[in-house]
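S.K.: The file below is structure_7.cif, mmCIF, C-alpha atoms:
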```cif
data_structure
loop_
_atom_site.label_atom_id
_atom_site.label_comp_id
_atom_site.auth_asym_id
_atom_site.auth_seq_id
_atom_site.Cartn_x
_atom_site.Cartn_y
_atom_site.Cartn_z
CA MET A 1 0.00 0.00 0.00
CA SER A 2 1.54 3.29 -1.08
CA ARG A 3 1.30 6.53 0.84
CA ARG A 4 -0.69 9.36 -0.63
CA THR A 5 0.83 12.80 -0.87
CA GLY A 6 -0.73 16.24 -0.84
CA THR A 7 -0.18 16.39 -4.59
CA ASP A 8 -2.23 13.22 -5.05
CA LEU A 9 -5.06 14.72 -3.02
CA LEU A 10 -4.93 17.97 -5.00
CA PHE A 11 -5.00 16.11 -8.32
CA GLU A 12 -7.88 13.86 -7.27
CA SER A 13 -9.85 16.85 -5.94
CA PHE A 14 -9.39 18.72 -9.22
CA TYR A 15 -10.35 15.62 -11.21
CA ALA A 16 -13.51 15.00 -9.15
CA GLY A 17 -14.49 18.69 -9.40
CA ALA A 18 -14.00 18.69 -13.18
CA ILE A 19 -16.20 15.61 -13.56
CA GLY A 20 -18.91 17.02 -11.29
CA GLY A 21 -18.84 20.46 -12.93
CA SER A 22 -19.00 18.91 -16.39
CA LEU A 23 -22.04 16.85 -15.45
CA VAL A 24 -23.85 19.90 -14.05
CA ALA A 25 -23.01 21.87 -17.21
CA LEU A 26 -24.25 18.99 -19.38
CA VAL A 27 -27.58 18.88 -17.51
CA PHE A 28 -28.11 22.61 -18.06
CA LEU A 29 -27.12 22.27 -21.73
CA ILE A 30 -29.75 19.53 -22.16
CA VAL A 31 -32.43 21.57 -20.36
CA ASP A 32 -31.59 24.75 -22.29
CA THR A 33 -31.56 22.89 -25.63
CA ALA A 34 -34.90 21.26 -24.85
CA ASN A 35 -36.31 24.75 -24.23
CA GLY A 36 -34.92 25.96 -27.56
CA HIS A 37 -32.15 28.20 -26.14
CA PRO A 38 -28.86 26.29 -25.89
CA PHE A 39 -26.25 27.92 -23.60
CA PHE A 40 -28.81 30.30 -22.08
CA THR A 41 -28.03 29.39 -18.45
CA PRO A 42 -24.27 30.09 -18.56
CA SER A 43 -24.97 33.23 -20.61
CA LEU A 44 -27.47 34.38 -17.98
CA LEU A 45 -25.09 33.67 -15.10
CA GLY A 46 -22.16 35.32 -16.88
CA SER A 47 -24.22 38.42 -17.69
CA ILE A 48 -25.30 38.73 -14.06
CA LEU A 49 -21.80 38.12 -12.70
CA PHE A 50 -19.72 40.20 -15.13
CA LEU A 51 -22.12 42.83 -16.44
CA GLY A 52 -24.25 43.33 -13.34
CA MET A 53 -27.45 42.77 -15.30
CA THR A 54 -30.68 41.67 -13.68
CA PRO A 55 -32.08 38.27 -14.70
CA ASP A 56 -35.08 39.94 -16.37
CA ALA A 57 -32.80 42.06 -18.57
CA VAL A 58 -31.02 39.04 -20.10
CA THR A 59 -32.97 37.99 -23.18
CA GLY A 60 -30.44 36.35 -25.47
CA VAL A 61 -27.32 34.24 -25.49
CA ARG A 62 -23.95 36.00 -25.49
CA LEU A 63 -21.15 33.57 -26.27
CA ASP A 64 -18.56 35.81 -24.61
CA MET A 65 -20.50 35.56 -21.35
CA VAL A 66 -20.74 31.78 -21.82
CA ALA A 67 -16.94 31.63 -22.16
CA TYR A 68 -16.29 33.91 -19.16
CA TYR A 69 -18.69 31.99 -16.95
CA THR A 70 -17.21 28.66 -18.08
CA VAL A 71 -13.77 29.80 -16.91
CA VAL A 72 -15.19 30.81 -13.52
CA HIS A 73 -17.23 27.60 -13.28
CA PHE A 74 -14.22 25.36 -13.82
CA GLY A 75 -12.01 27.55 -11.64
#
```
Would you mind writing the file's structure down as structure tokens?
M.R.:
Amino acid sequence: MSRRTGTDLLFESFYAGAIGGSLVALVFLIVDTANGHPFFTPSLLGSILFLGMTPDAVTGVRLDMVAYYTVVHFG
């Protein structure tokens, strides 16, 4: 039986977080696509976080906000 190091724990934590985050993102992609607006949820969250918009003011998908929120989500 080998000893685990702090680096092993850090790697496994990152790996588990990436899998969990990817599954959550996939669920929202499926829900958004079923509603006819793929990527709406990360666009909404990115617009609220980075632009300070209210949820009611977000009406469309902005791919730059999707990208910014994706970076924060995986961070």
S.K.: So the first atom is CA of Thr54 in chain A and the second is CA of Ala67 in chain A; what is the distance between them in Å, to one decimal place?
M.R.: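 Spanning CA of Thr54 in chain A to CA of Ala67 in chain A is a straight-line distance of 19.0 Å.
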S.K.: Can you tell me, as a list of chain:residue names, which residues sit within 10 Å of (-29.1, 34.3, -16.0) in the file's frame, using only C-alpha atoms?
M.R.: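 Within the cut-off we find A:Phe40, A:Thr41, A:Pro42, A:Ser43, A:Leu44, A:Leu45, A:Gly46, A:Ser47, A:Ile48, A:Leu49, A:Met53, A:Thr54, A:Pro55, A:Asp56, A:Ala57, A:Val58, A:Thr59, A:Gly60, A:Val61.
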S.K.: Enclose all atoms of range 45-56 of chain A listed in the file in an axis-aligned box, grow every side by 4 Å, and hand back centre and edge lengths in Å to one decimal, as JSON.
M.R.:
```
{"center_x": -27.4, "center_y": 38.5, "center_z": -15.2, "size_x": 23.4, "size_y": 17.7, "size_z": 13.0}
```
S.K.: Please report the interatomic distance between CA of Glu12 in chain A and CA of Val24 in chain A in Å with one decimal.
M.R.: 18.4 Å
S.K.: Find, counting only C-alpha atoms, the residue in A:Ile19, A:Leu9, A:Leu26, A:Arg4 that gets nearest to Phe39 in chain A.
M.R.: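 Of A:Ile19, A:Leu9, A:Leu26, A:Arg4, the one nearest Phe39 in chain A is A:Leu26, counting only C-alpha atoms.
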S.K.: Could you jot down the CA of Phe28 in chain A to CA of Phe11 in chain A separation for me, Å, one decimal place?
M.R.: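 Separating CA of Phe28 in chain A from CA of Phe11 in chain A is a distance of 25.9 Å.
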